[in-house]
file structure_5.txt (compact mmCIF, C-alpha atoms)
# COMPACT_ATOMS: atom_id res chain seq x y z
CA MET A 254 153.23 66.89 17.16
CA SER A 255 154.70 63.59 18.29
CA GLU A 256 153.96 60.28 16.61
CA ALA A 257 150.41 58.94 16.68
CA THR A 258 150.50 56.25 19.35
CA LEU A 259 147.74 55.19 21.68
CA LYS A 260 148.95 53.64 24.86
CA GLY A 261 147.19 52.22 27.89
CA GLU A 262 149.13 51.52 31.05
CA ASN A 263 147.88 49.46 33.96
CA VAL A 264 144.24 50.50 33.48
CA HIS A 265 141.91 49.52 36.32
CA LEU A 266 138.20 50.21 36.10
CA TRP A 267 135.48 49.43 38.63
CA ARG A 268 131.82 49.37 37.77
CA GLY A 269 130.09 49.52 41.12
CA GLU A 270 131.24 46.37 42.94
CA ARG A 271 132.73 44.80 39.83
CA HIS A 272 136.40 45.10 38.99
CA VAL A 273 135.98 45.13 35.20
CA LEU A 274 139.44 46.03 33.92
CA ARG A 275 142.37 44.65 35.88
CA GLY A 276 145.61 46.24 34.88
CA VAL A 277 145.02 46.32 31.13
CA ALA A 278 147.97 47.47 29.06
CA PHE A 279 148.26 47.95 25.31
CA THR A 280 150.07 49.97 22.67
CA VAL A 281 148.74 50.79 19.22
CA SER A 282 150.89 52.66 16.71
CA GLY A 283 150.19 54.04 13.25
CA GLY A 284 149.23 51.27 10.82
CA GLU A 285 148.10 48.91 13.57
CA CYS A 286 144.71 47.54 14.55
CA LEU A 287 144.17 46.20 18.05
CA GLN A 288 141.47 43.54 18.08
CA LEU A 289 139.80 43.22 21.50
CA THR A 290 138.27 39.85 22.21
CA GLY A 291 136.83 38.17 25.25
CA PRO A 292 133.55 36.75 26.53
CA ASN A 293 130.50 38.92 27.17
CA GLY A 294 131.10 41.12 30.19
CA ALA A 295 134.87 40.93 29.82
CA GLY A 296 135.01 44.72 29.61
CA LYS A 297 135.56 45.31 25.89
CA THR A 298 133.03 48.15 25.70
CA SER A 299 134.20 49.50 29.08
CA LEU A 300 137.77 49.64 27.79
CA LEU A 301 136.72 51.50 24.64
CA ARG A 302 134.67 53.97 26.67
CA THR A 303 137.59 54.47 29.04
CA VAL A 304 139.89 55.18 26.11
CA CYS A 305 137.36 57.74 24.82
CA GLY A 306 137.47 59.52 28.13
CA MET A 307 133.83 58.81 28.95
CA SER A 308 134.67 56.50 31.87
CA TYR A 309 137.27 57.47 34.42
CA PRO A 310 139.67 54.64 35.25
CA GLU A 311 140.37 54.13 38.95
CA ALA A 312 144.05 53.65 38.18
CA GLY A 313 146.36 53.76 35.20
CA ARG A 314 146.46 56.11 32.29
CA ILE A 315 145.63 56.34 28.61
CA SER A 316 148.02 58.40 26.55
CA TRP A 317 147.83 59.69 23.00
CA ARG A 318 150.93 61.07 21.26
CA GLY A 319 152.76 60.64 24.54
CA ALA A 320 150.45 62.83 26.65
CA ASP A 321 147.71 61.75 29.03
CA VAL A 322 144.41 62.16 27.14
CA ARG A 323 142.79 63.70 30.24
CA GLU A 324 145.06 66.73 29.93
CA ASP A 325 143.36 67.86 26.75
CA LEU A 326 140.25 65.85 25.95
CA PRO A 327 138.91 68.19 23.22
CA SER A 328 142.00 67.87 21.02
CA PHE A 329 142.11 64.11 21.62
CA HIS A 330 138.43 63.85 20.66
CA ALA A 331 139.08 65.86 17.51
CA GLU A 332 141.49 63.12 16.41
CA MET A 333 139.35 60.08 17.24
CA ALA A 334 136.08 58.56 16.21
CA TYR A 335 134.02 56.24 18.39
CA LEU A 336 131.28 54.00 17.03
CA GLY A 337 129.21 52.30 19.71
CA HIS A 338 126.82 49.35 19.59
CA GLU A 339 124.04 51.35 18.00
CA PRO A 340 124.57 53.61 14.99
CA PRO A 341 124.13 57.17 16.37
CA LEU A 342 121.45 58.19 13.90
CA LYS A 343 118.25 60.21 14.00
CA LEU A 344 115.41 58.10 12.62
CA GLU A 345 113.51 61.12 11.30
CA LEU A 346 116.41 62.42 9.20
CA THR A 347 117.77 60.88 6.01
CA GLY A 348 121.14 59.17 5.96
CA ARG A 349 122.67 62.16 4.21
CA GLU A 350 121.19 64.68 6.69
CA ASN A 351 122.40 62.56 9.59
CA LEU A 352 125.96 62.69 8.30
CA GLN A 353 125.71 66.43 7.67
CA TYR A 354 124.77 67.19 11.27
CA TRP A 355 126.81 64.46 12.95
CA VAL A 356 130.13 64.98 11.17
CA GLY A 357 129.43 68.59 10.16
CA VAL A 358 129.93 69.69 13.75
CA ARG A 359 133.53 68.45 13.56
CA ARG A 360 134.68 69.54 10.13
CA ARG A 361 133.62 71.12 6.88
CA PHE A 362 133.29 68.82 3.89
CA ALA A 363 132.12 69.17 0.31
CA ALA A 364 128.99 67.46 -1.01
CA ALA A 365 131.20 65.45 -3.35
CA GLU A 366 133.08 64.01 -0.38
CA LEU A 367 129.80 63.01 1.23
CA ASP A 368 128.75 61.30 -2.00
CA ALA A 369 132.09 59.51 -2.17
CA VAL A 370 131.84 57.99 1.31
CA LEU A 371 128.22 56.98 0.71
CA GLU A 372 129.32 55.30 -2.51
CA ARG A 373 132.11 53.54 -0.63
CA VAL A 374 129.68 51.94 1.84
CA GLY A 375 127.24 51.12 -0.95
CA GLY A 376 124.62 53.60 0.17
CA ARG A 377 124.15 56.03 -2.71
CA ARG A 378 120.74 54.56 -3.59
CA TRP A 379 119.12 54.81 -0.17
CA ALA A 380 121.01 57.70 1.44
CA ASP A 381 118.10 60.07 0.88
CA ARG A 382 115.52 57.92 2.63
CA PRO A 383 114.64 58.57 6.28
CA VAL A 384 116.79 56.33 8.45
CA ARG A 385 113.57 54.94 9.97
CA THR A 386 112.96 53.07 6.71
CA LEU A 387 116.44 51.55 6.51
CA SER A 388 117.41 48.07 7.65
CA ALA A 389 119.74 47.56 10.61
CA GLY A 390 122.60 46.71 8.24
CA GLN A 391 121.98 49.84 6.16
CA LYS A 392 122.03 51.97 9.33
CA ARG A 393 125.36 50.41 10.22
CA ARG A 394 126.64 51.36 6.75
CA VAL A 395 125.56 54.98 7.29
CA ALA A 396 127.52 54.93 10.55
CA LEU A 397 130.57 53.59 8.67
CA ALA A 398 130.19 56.41 6.15
CA GLY A 399 130.28 58.83 9.11
CA LEU A 400 133.45 57.17 10.35
CA LEU A 401 135.13 57.70 6.96
CA LEU A 402 133.88 61.24 6.70
CA MET A 403 135.36 62.23 10.06
CA ALA A 404 138.81 61.52 8.55
CA VAL A 405 140.53 61.08 11.90
CA PRO A 406 143.61 58.96 12.66
CA LEU A 407 142.16 56.92 15.52
CA TRP A 408 139.12 54.66 15.18
CA LEU A 409 137.50 53.10 18.25
CA LEU A 410 134.94 50.55 17.10
CA ASP A 411 132.55 48.53 19.20
CA GLU A 412 131.34 45.48 17.26
CA PRO A 413 131.64 47.23 13.88
CA THR A 414 130.24 44.26 11.94
CA THR A 415 126.97 43.88 13.89
CA ASN A 416 123.98 43.42 11.58
CA LEU A 417 126.12 43.40 8.45
CA ASP A 418 125.90 40.75 5.72
CA VAL A 419 128.99 38.84 4.58
CA GLU A 420 129.79 41.48 2.00
CA GLY A 421 129.40 44.20 4.66
CA GLN A 422 131.78 42.37 7.01
CA HIS A 423 134.37 42.31 4.23
CA LEU A 424 133.70 46.02 3.69
CA VAL A 425 134.56 46.73 7.35
CA GLY A 426 137.75 44.69 6.94
CA ALA A 427 138.67 46.55 3.77
CA LEU A 428 137.96 49.96 5.33
CA ILE A 429 140.17 49.15 8.31
CA ASP A 430 142.92 47.87 5.99
CA GLU A 431 142.81 51.08 3.94
CA HIS A 432 142.80 53.14 7.13
CA LEU A 433 145.88 51.31 8.43
CA ALA A 434 147.63 51.55 5.07
CA ALA A 435 147.19 55.33 5.28
CA GLY A 436 148.86 55.37 8.67
CA GLY A 437 145.71 55.26 10.79
CA LEU A 438 145.10 53.37 14.03
CA ALA A 439 142.14 51.26 15.04
CA MET A 440 140.93 49.54 18.16
CA ALA A 441 137.96 47.24 17.70
CA ALA A 442 135.95 45.11 20.11
CA VAL A 443 134.76 42.02 18.24
CA HIS A 444 133.12 38.64 18.72
CA HIS A 445 134.04 37.36 15.29
CA PRO A 446 137.56 37.95 14.00
CA LEU A 447 137.78 40.94 11.69
CA ALA A 448 138.39 40.32 8.00
CA VAL A 449 141.58 42.35 8.01
CA SER A 450 145.04 41.46 6.79
CA GLU A 451 147.37 39.94 9.38
CA ARG A 452 149.94 42.64 8.87
CA GLY A 453 149.34 45.28 11.50
CA LEU A 454 146.79 43.19 13.39
CA ARG A 455 147.38 42.83 17.10
CA ARG A 456 145.21 41.03 19.60
CA LEU A 457 144.23 41.71 23.17
CA GLU A 458 142.24 39.10 25.06
CA LEU A 459 140.25 40.39 28.00
CA GLY A 460 139.28 37.83 30.62
CA GLY A 461 135.76 37.94 32.03
CA VAL A 462 135.40 37.37 35.74
CA MET B 2 142.69 49.29 -5.91
CA SER B 3 140.09 50.97 -8.10
CA GLU B 4 137.81 51.19 -5.07
CA LEU B 5 140.39 53.19 -3.19
CA SER B 6 140.25 56.05 -5.65
CA VAL B 7 136.62 56.62 -4.67
CA VAL B 8 137.68 57.77 -1.24
CA PRO B 9 138.72 61.43 -1.36
CA SER B 10 142.38 62.09 -0.88
CA SER B 11 141.87 63.85 2.45
CA LEU B 12 140.71 60.54 3.94
CA ALA B 13 143.79 58.73 2.81
CA ARG B 14 145.90 60.92 5.07
CA PRO B 15 144.38 60.63 8.53
CA GLU B 16 147.48 62.25 10.03
CA ARG B 17 146.33 65.57 8.68
CA ALA B 18 143.74 66.07 11.41
CA PRO B 19 142.28 68.31 12.70
CA HIS B 20 141.06 69.89 9.48
CA SER B 21 139.10 73.01 8.75
CA ALA B 22 136.66 72.93 11.63
CA PRO B 23 133.54 75.11 11.37
CA GLY B 24 133.41 78.05 13.79
CA ALA B 25 131.42 78.01 17.01
CA ALA B 26 128.62 80.11 15.50
CA ALA B 27 128.34 77.79 12.50
CA VAL B 28 128.14 74.78 14.80
CA ALA B 29 125.46 76.40 16.95
CA TRP B 30 123.49 77.27 13.84
CA MET B 31 123.81 73.67 12.62
CA MET B 32 122.41 72.33 15.90
CA LEU B 33 119.55 74.81 15.79
CA GLU B 34 118.72 73.86 12.21
CA ARG B 35 118.87 70.16 13.04
CA ASP B 36 116.57 70.47 16.04
CA LEU B 37 114.04 72.59 14.18
CA LYS B 38 114.01 70.11 11.31
CA LEU B 39 113.55 67.19 13.68
CA ALA B 40 110.77 68.95 15.56
CA PHE B 41 108.76 69.63 12.45
CA ARG B 42 109.07 65.98 11.41
CA LYS B 43 107.34 64.89 14.61
CA ALA B 44 105.00 67.74 15.30
CA SER B 45 102.97 66.09 18.06
CA GLN B 46 105.61 66.99 20.65
CA LEU B 47 105.20 70.64 19.67
CA VAL B 48 101.45 70.74 19.92
CA GLN B 49 101.13 68.98 23.29
CA PRO B 50 102.35 71.83 25.56
CA LEU B 51 100.27 74.38 23.66
CA ALA B 52 97.13 72.28 23.87
CA PHE B 53 97.82 71.77 27.58
CA PHE B 54 98.16 75.53 28.10
CA ALA B 55 94.88 76.19 26.28
CA MET B 56 93.11 73.48 28.29
CA VAL B 57 94.27 74.71 31.69
CA THR B 58 93.38 78.33 31.01
CA THR B 59 89.87 77.33 29.88
CA LEU B 60 89.33 75.11 32.92
CA PHE B 61 89.38 78.06 35.32
CA PRO B 62 86.39 79.94 33.88
CA LEU B 63 84.49 76.65 33.93
CA ALA B 64 85.47 75.85 37.50
CA ILE B 65 85.29 79.29 39.11
CA THR B 66 83.03 81.67 37.28
CA PRO B 67 82.41 82.81 33.74
CA GLU B 68 82.16 86.42 35.01
CA LEU B 69 84.91 88.39 33.26
CA THR B 70 85.27 90.99 36.02
CA ARG B 71 86.07 88.29 38.57
CA LEU B 72 88.24 86.27 36.17
CA ARG B 73 90.33 89.35 35.48
CA HIS B 74 91.51 89.33 39.12
CA ILE B 75 92.89 85.80 38.94
CA ALA B 76 94.04 86.02 35.30
CA SER B 77 97.71 86.67 36.05
CA GLY B 78 97.98 83.70 38.41
CA VAL B 79 96.17 81.37 36.02
CA LEU B 80 98.27 82.43 33.06
CA TRP B 81 101.57 82.02 34.85
CA ALA B 82 100.84 78.75 36.59
CA ALA B 83 99.62 77.33 33.28
CA ALA B 84 102.64 78.69 31.40
CA LEU B 85 105.13 77.16 33.87
CA LEU B 86 103.40 73.79 33.86
CA SER B 87 103.20 73.60 30.08
CA SER B 88 106.84 74.52 29.62
CA LEU B 89 107.68 71.72 32.09
CA LEU B 90 105.72 69.30 29.95
CA ALA B 91 107.97 69.99 26.99
CA LEU B 92 111.25 69.86 28.91
CA GLU B 93 111.35 66.11 29.25
CA PHE B 94 112.08 65.77 25.54
CA LEU B 95 114.88 68.33 25.51
CA PHE B 96 117.87 65.95 25.58
CA ARG B 97 116.18 62.58 26.00
CA ASP B 98 115.94 61.52 22.35
CA ASP B 99 119.54 62.52 21.66
CA ALA B 100 120.75 60.62 24.70
CA GLN B 101 118.82 57.49 23.74
CA ASP B 102 120.00 57.21 20.14
CA GLY B 103 123.63 57.98 20.98
CA THR B 104 123.83 61.31 19.15
CA LEU B 105 124.44 63.22 22.40
CA GLU B 106 127.41 60.94 23.07
CA GLN B 107 128.78 61.71 19.61
CA TYR B 108 128.47 65.44 20.27
CA ALA B 109 130.22 65.02 23.62
CA LEU B 110 133.05 63.23 21.78
CA SER B 111 133.23 65.66 18.88
CA GLY B 112 135.97 67.76 20.40
CA ARG B 113 133.64 70.77 20.25
CA ALA B 114 132.49 72.63 23.37
CA LEU B 115 129.42 70.82 24.66
CA THR B 116 128.33 74.05 26.35
CA GLY B 117 127.78 75.78 23.01
CA LEU B 118 125.99 72.78 21.52
CA LEU B 119 123.61 72.51 24.47
CA ALA B 120 123.00 76.27 24.45
CA ALA B 121 121.97 75.96 20.80
CA LYS B 122 119.72 73.03 21.61
CA THR B 123 118.12 75.02 24.42
CA ALA B 124 117.59 77.96 22.06
CA ALA B 125 115.88 75.64 19.58
CA HIS B 126 113.74 74.28 22.38
CA TRP B 127 112.65 77.77 23.38
CA LEU B 128 111.83 78.69 19.77
CA LEU B 129 109.70 75.57 19.50
CA THR B 130 107.91 75.65 22.86
CA GLY B 131 108.55 78.92 24.72
CA LEU B 132 107.91 81.32 21.88
CA PRO B 133 104.61 79.71 20.76
CA LEU B 134 103.51 79.75 24.39
CA ALA B 135 104.37 83.45 24.69
CA LEU B 136 102.43 84.18 21.50
CA MET B 137 99.45 82.26 22.79
CA ALA B 138 99.42 83.88 26.24
CA PRO B 139 97.75 87.15 25.07
CA LEU B 140 94.98 85.12 23.41
CA ALA B 141 94.41 83.15 26.59
CA ALA B 142 94.47 86.45 28.50
CA VAL B 143 91.69 87.89 26.34
CA SER B 144 89.57 84.84 27.04
CA LEU B 145 90.07 85.54 30.76
CA GLY B 146 88.71 89.08 30.37
CA VAL B 147 92.05 90.90 30.38
CA PRO B 148 91.79 94.36 28.75
CA ALA B 149 93.67 94.97 25.50
CA HIS B 150 96.09 97.52 27.02
CA ALA B 151 97.67 94.76 29.15
CA LEU B 152 98.50 92.44 26.27
CA PRO B 153 101.95 93.85 25.31
CA GLY B 154 103.04 93.51 28.93
CA ILE B 155 101.82 89.92 29.05
CA LEU B 156 103.58 89.07 25.79
CA ALA B 157 106.84 90.57 27.03
CA SER B 158 106.76 88.99 30.47
CA VAL B 159 105.82 85.49 29.26
CA THR B 160 108.52 85.71 26.56
CA LEU B 161 111.19 86.47 29.18
CA GLY B 162 109.77 83.94 31.63
CA THR B 163 109.80 81.08 29.14
CA VAL B 164 113.45 81.83 28.25
CA THR B 165 114.39 81.29 31.90
CA MET B 166 112.19 78.18 32.08
CA SER B 167 113.92 76.63 29.07
CA LEU B 168 117.34 77.35 30.59
CA LEU B 169 116.43 76.02 34.04
CA GLY B 170 114.85 73.04 32.37
CA ALA B 171 118.01 72.34 30.39
CA VAL B 172 119.91 71.86 33.64
CA GLY B 173 117.14 69.70 35.09
CA ALA B 174 116.79 67.64 31.91
CA ALA B 175 120.56 67.08 31.77
CA LEU B 176 120.66 66.00 35.43
CA THR B 177 117.80 63.51 34.98
CA LEU B 178 119.07 61.99 31.72
CA GLY B 179 119.92 58.68 33.32
CA VAL B 180 116.59 58.38 35.13
CA ARG B 181 113.69 56.37 33.79
CA ARG B 182 110.38 58.28 33.72
CA ALA B 183 112.20 61.45 34.61
CA GLY B 184 109.10 63.66 34.31
CA ALA B 185 108.18 63.78 37.99
CA LEU B 186 111.75 64.22 39.19
CA LEU B 187 112.30 66.93 36.60
CA SER B 188 109.29 68.88 37.94
CA LEU B 189 110.54 68.53 41.50
CA LEU B 190 113.95 69.85 40.48
CA THR B 191 112.82 72.65 38.23
CA LEU B 192 109.65 74.10 39.75
CA PRO B 193 111.20 75.35 43.01
CA LEU B 194 113.86 77.15 41.00
CA ALA B 195 111.16 78.64 38.80
CA ILE B 196 109.41 80.37 41.72
CA PRO B 197 111.19 83.73 41.17
CA VAL B 198 110.01 83.64 37.55
CA LEU B 199 106.46 82.98 38.73
CA ILE B 200 106.55 85.81 41.28
CA PHE B 201 107.95 88.50 39.00
CA GLY B 202 106.03 87.29 35.98
CA ALA B 203 102.68 87.23 37.74
CA HIS B 204 103.45 90.60 39.33
CA ALA B 205 104.28 92.20 35.97
CA THR B 206 101.10 90.76 34.49
CA GLN B 207 98.99 92.02 37.39
CA LEU B 208 100.41 95.52 37.07
CA ALA B 209 99.84 95.46 33.32
CA ILE B 210 96.20 94.48 33.83
CA ARG B 211 95.69 97.31 36.33
CA GLY B 212 97.28 99.70 33.86
CA GLU B 213 100.23 100.51 36.13
CA PRO B 214 103.90 100.62 35.04
CA TYR B 215 105.36 97.10 35.11
CA GLY B 216 108.89 97.89 33.91
CA ALA B 217 110.61 96.98 37.18
CA SER B 218 109.28 93.41 37.26
CA LEU B 219 110.07 93.00 33.58
CA THR B 220 113.66 94.09 34.21
CA LEU B 221 114.00 91.52 36.97
CA LEU B 222 112.61 88.83 34.65
CA ALA B 223 115.17 89.85 32.04
CA ALA B 224 117.92 89.70 34.67
CA LEU B 225 116.88 86.16 35.57
CA ALA B 226 116.98 85.21 31.88
CA VAL B 227 120.48 86.63 31.43
CA PHE B 228 121.65 84.91 34.61
CA GLY B 229 120.30 81.64 33.20
CA MET B 230 121.94 82.19 29.82
CA THR B 231 125.37 82.61 31.39
CA LEU B 232 125.29 79.68 33.78
CA ALA B 233 122.72 77.12 32.63
CA PRO B 234 124.58 75.84 29.53
CA LEU B 235 127.73 75.28 31.61
CA ALA B 236 125.81 73.38 34.26
CA ALA B 237 123.92 71.37 31.65
CA ALA B 238 127.14 70.39 29.87
CA ALA B 239 128.71 69.23 33.13
CA ALA B 240 125.59 67.22 33.99
CA VAL B 241 125.50 65.59 30.54
CA ARG B 242 129.14 64.53 30.85
CA ILE B 243 128.42 62.94 34.22
CA ASN B 244 125.45 61.08 32.81
CA LEU B 245 127.35 59.75 29.81
CA GLU B 246 129.84 57.97 32.02
call {"tool": "encode", "arguments": {"input": "structure_5.txt", "output": "structure tokens"}}
result
Amino acid sequence: MSEATLKGENVHLWRGERHVLRGVAFTVSGGECLQLTGPNGAGKTSLLRTVCGMSYPEAGRISWRGADVREDLPSFHAEMAYLGHEPPLKLELTGRENLQYWVGVRRRFAAAELDAVLERVGGRRWADRPVRTLSAGQKRRVALAGLLLMAVPLWLLDEPTTNLDVEGQHLVGALIDEHLAAGGLAMAAVHHPLAVSERGLRRLELGGV
Amino acid sequence: MSELSVVPSSLARPERAPHSAPGAAAVAWMMLERDLKLAFRKASQLVQPLAFFAMVTTLFPLAITPELTRLRHIASGVLWAAALLSSLLALEFLFRDDAQDGTLEQYALSGRALTGLLAAKTAAHWLLTGLPLALMAPLAAVSLGVPAHALPGILASVTLGTVTMSLLGAVGAALTLGVRRAGALLSLLTLPLAIPVLIFGAHATQLAIRGEPYGASLTLLAALAVFGMTLAPLAAAAAVRINLE
């Protein structure tokens, strides 16, 4: 398998009458985090969804390990994790059950591993409560635990620090740093700069029109 | 660095993906288990279609006649129309919750075949709404004056009919995911396609009530169910992918 590199070339995306992405290009290699900034409506979420393969760009291509992701979406998806605006959780299930069904579809993991990621996001105490009873920040932490548990090289994060307290924002920064140190890649749409180390951080400014 | 040691070693090497992925059967079972668990934690959605079915079948004796001999003649039509309408009632919820909270999106991005996941979801939906309806149909039939010898036939035909309804509904529900208040549109899409089920189902029931052999209609109902099983999950998966864009 060739080196883990995510590359976008000349990506154009239209949303109805709006030309959202105009020739966006980027390259992210192992150990790098691409921070997407730009005003509301600049197309940060659209770009992430295009990279995921959920939106079809009108022109340009997204490649992973040198091959167009459209050629084999399932194997690309198996190597990436996408976290959207809202944590993808079932309110009726507990945090732990949510992770079991959400990540369990992708890979097998031991209970100890689940405990470890919950511990890492500071959620051991409330992981067995229904998600309905958790605060927005706690839900976000469950989602981050899911991200860790997936253990994939590529993270696509849309506003990963939403609803998190200061300590939680540092947690996101630390998680990304650890991920990069282990050779992982990340692409994150943010409004506030991420608390990550400068080494490996790259920036892409999208202009809103 | 002490914090790092908490994270299991497999996470520290993201390059190692993809890891030991569970098999397709294990994944389907997981979806089934999840949906059953969710359904029992909000039971009202389960009871609604059943209560509706009971209500409709009791309205006819009140509106037409309480005479059992006359009710018996219309029993098959009443049972089947009520069964189709109540399974429609439950279909709206099939994928809607998962689409709203983003879990459907995560399943679409899991690298697993969406077809299998949706087939498992549809199976769970049938177990939760179709099967209870099929079990209730003989009871409703008795209250409409249907003789006891017809009950096995009614049970069998409604069981097969609801399987097809759940499968047809899965396609309709997937197509209307992006629509607000999809209920009416879903009925318009699904009911015309359900007409063969209604015809063969009501025919089998009628024959069973008269004490005649109803095997042929039952076989056709089973054929419809198998046809649905092969194609509906594929169509539903394609429709879900379109709606996620």
call {"tool": "residues_around", "arguments": {"input": "structure_5.txt", "residues": "Val198 in chain B", "least_positions_apart": "6", "cutoff": "12 Å", "atoms": "all atoms listed in the file", "output": "PyMOL selection string"}}
result
chain B and resi 81-82+84-85+158-169+191-192+204-206+218-226+229
call {"tool": "residues_around", "arguments": {"input": "structure_5.txt", "residues": "Leu438 in chain A", "least_positions_apart": "2", "cutoff": "8 Å", "atoms": "all atoms listed in the file", "output": "list in words"}}
result
Val281, Ser282, Gly283, Gly284, Glu285, Cys286, Pro406, Leu407, Trp408, His432, Leu433, Gly436 and Met440 of chain A
call {"tool": "residues_near_point", "arguments": {"input": "structure_5.txt", "point": "(146.2, 65.2, 26.3)", "cutoff": "12 Å", "atoms": "all atoms listed in the file", "output": "list of chain:residue names"}}
result
A:Met254, A:Ser255, A:Leu259, A:Lys260, A:Val304, A:Cys305, A:Gly306, A:Arg314, A:Ile315, A:Ser316, A:Trp317, A:Arg318, A:Gly319, A:Ala320, A:Asp321, A:Val322, A:Arg323, A:Glu324, A:Asp325, A:Leu326, A:Pro327, A:Ser328, A:Phe329, A:His330, A:Ala331, A:Glu332
call {"tool": "write_last_selection", "arguments": {"input": "structure_5.txt", "atoms": "C-alpha atoms", "output": "mmCIF file, in the coordinates of the input"}}
result
data_model
loop_
_atom_site.group_PDB
_atom_site.id
_atom_site.type_symbol
_atom_site.label_atom_id
_atom_site.label_comp_id
_atom_site.auth_asym_id
_atom_site.auth_seq_id
_atom_site.Cartn_x
_atom_site.Cartn_y
_atom_site.Cartn_z
ATOM 1 C CA MET A 254 153.230 66.890 17.160
ATOM 2 C CA SER A 255 154.700 63.590 18.290
ATOM 3 C CA LEU A 259 147.740 55.190 21.680
ATOM 4 C CA LYS A 260 148.950 53.640 24.860
ATOM 5 C CA VAL A 304 139.890 55.180 26.110
ATOM 6 C CA CYS A 305 137.360 57.740 24.820
ATOM 7 C CA GLY A 306 137.470 59.520 28.130
ATOM 8 C CA ARG A 314 146.460 56.110 32.290
ATOM 9 C CA ILE A 315 145.630 56.340 28.610
ATOM 10 C CA SER A 316 148.020 58.400 26.550
ATOM 11 C CA TRP A 317 147.830 59.690 23.000
ATOM 12 C CA ARG A 318 150.930 61.070 21.260
ATOM 13 C CA GLY A 319 152.760 60.640 24.540
ATOM 14 C CA ALA A 320 150.450 62.830 26.650
ATOM 15 C CA ASP A 321 147.710 61.750 29.030
ATOM 16 C CA VAL A 322 144.410 62.160 27.140
ATOM 17 C CA ARG A 323 142.790 63.700 30.240
ATOM 18 C CA GLU A 324 145.060 66.730 29.930
ATOM 19 C CA ASP A 325 143.360 67.860 26.750
ATOM 20 C CA LEU A 326 140.250 65.850 25.950
ATOM 21 C CA PRO A 327 138.910 68.190 23.220
ATOM 22 C CA SER A 328 142.000 67.870 21.020
ATOM 23 C CA PHE A 329 142.110 64.110 21.620
ATOM 24 C CA HIS A 330 138.430 63.850 20.660
ATOM 25 C CA ALA A 331 139.080 65.860 17.510
ATOM 26 C CA GLU A 332 141.490 63.120 16.410
#
call {"tool": "closest_atom_pairs", "arguments": {"input": "structure_5.txt", "of": "chain A", "to": "chain B", "cutoff": "6 Å", "atoms": "all atoms listed in the file", "output": "Markdown table"}}
result
| residue | atom | partner | partner_atom | distance |
| --- | --- | --- | --- | --- |
| A:Met307 | CA | B:Glu246 | CA | 5.1 |
| A:Ser308 | CA | B:Glu246 | CA | 5.1 |
| A:Pro327 | CA | B:Gly112 | CA | 4.1 |
| A:His330 | CA | B:Gly112 | CA | 4.6 |
| A:Ala331 | CA | B:Gly112 | CA | 4.7 |
| A:Pro341 | CA | B:Gly103 | CA | 4.7 |
| A:Val358 | CA | B:Val28 | CA | 5.5 |
| A:Arg359 | CA | B:Ala22 | CA | 5.8 |
| A:Arg360 | CA | B:Ala22 | CA | 4.2 |
| A:Arg361 | CA | B:Ala22 | CA | 5.9 |
| A:Ala369 | CA | B:Val7 | CA | 5.9 |
| A:Ala404 | CA | B:Leu12 | CA | 5.1 |
| A:Val405 | CA | B:Pro15 | CA | 5.1 |
| A:Pro406 | CA | B:Pro15 | CA | 4.5 |
| A:Ala435 | CA | B:Ala13 | CA | 5.4 |
| A:Gly437 | CA | B:Pro15 | CA | 6.0 |
call {"tool": "atom_distance", "arguments": {"input": "structure_5.txt", "atom1": "CA of Asn293 in chain A", "atom2": "CA of Asp411 in chain A"}}
result
12.7 Å
call {"tool": "atom_distance", "arguments": {"input": "structure_5.txt", "atom1": "CA of Leu301 in chain A", "atom2": "CA of Leu336 in chain A"}}
result
9.7 Å
call {"tool": "closest_residue", "arguments": {"input": "structure_5.txt", "among": "A:Val443, A:Leu459, A:Ala295, A:Leu424", "to": "Phe279 in chain A", "atoms": "all atoms listed in the file"}}
result
A:Leu459
call {"tool": "atom_distance", "arguments": {"input": "structure_5.txt", "atom1": "CA of Thr58 in chain B", "atom2": "CA of Ser45 in chain B"}}
result
20.2 Å
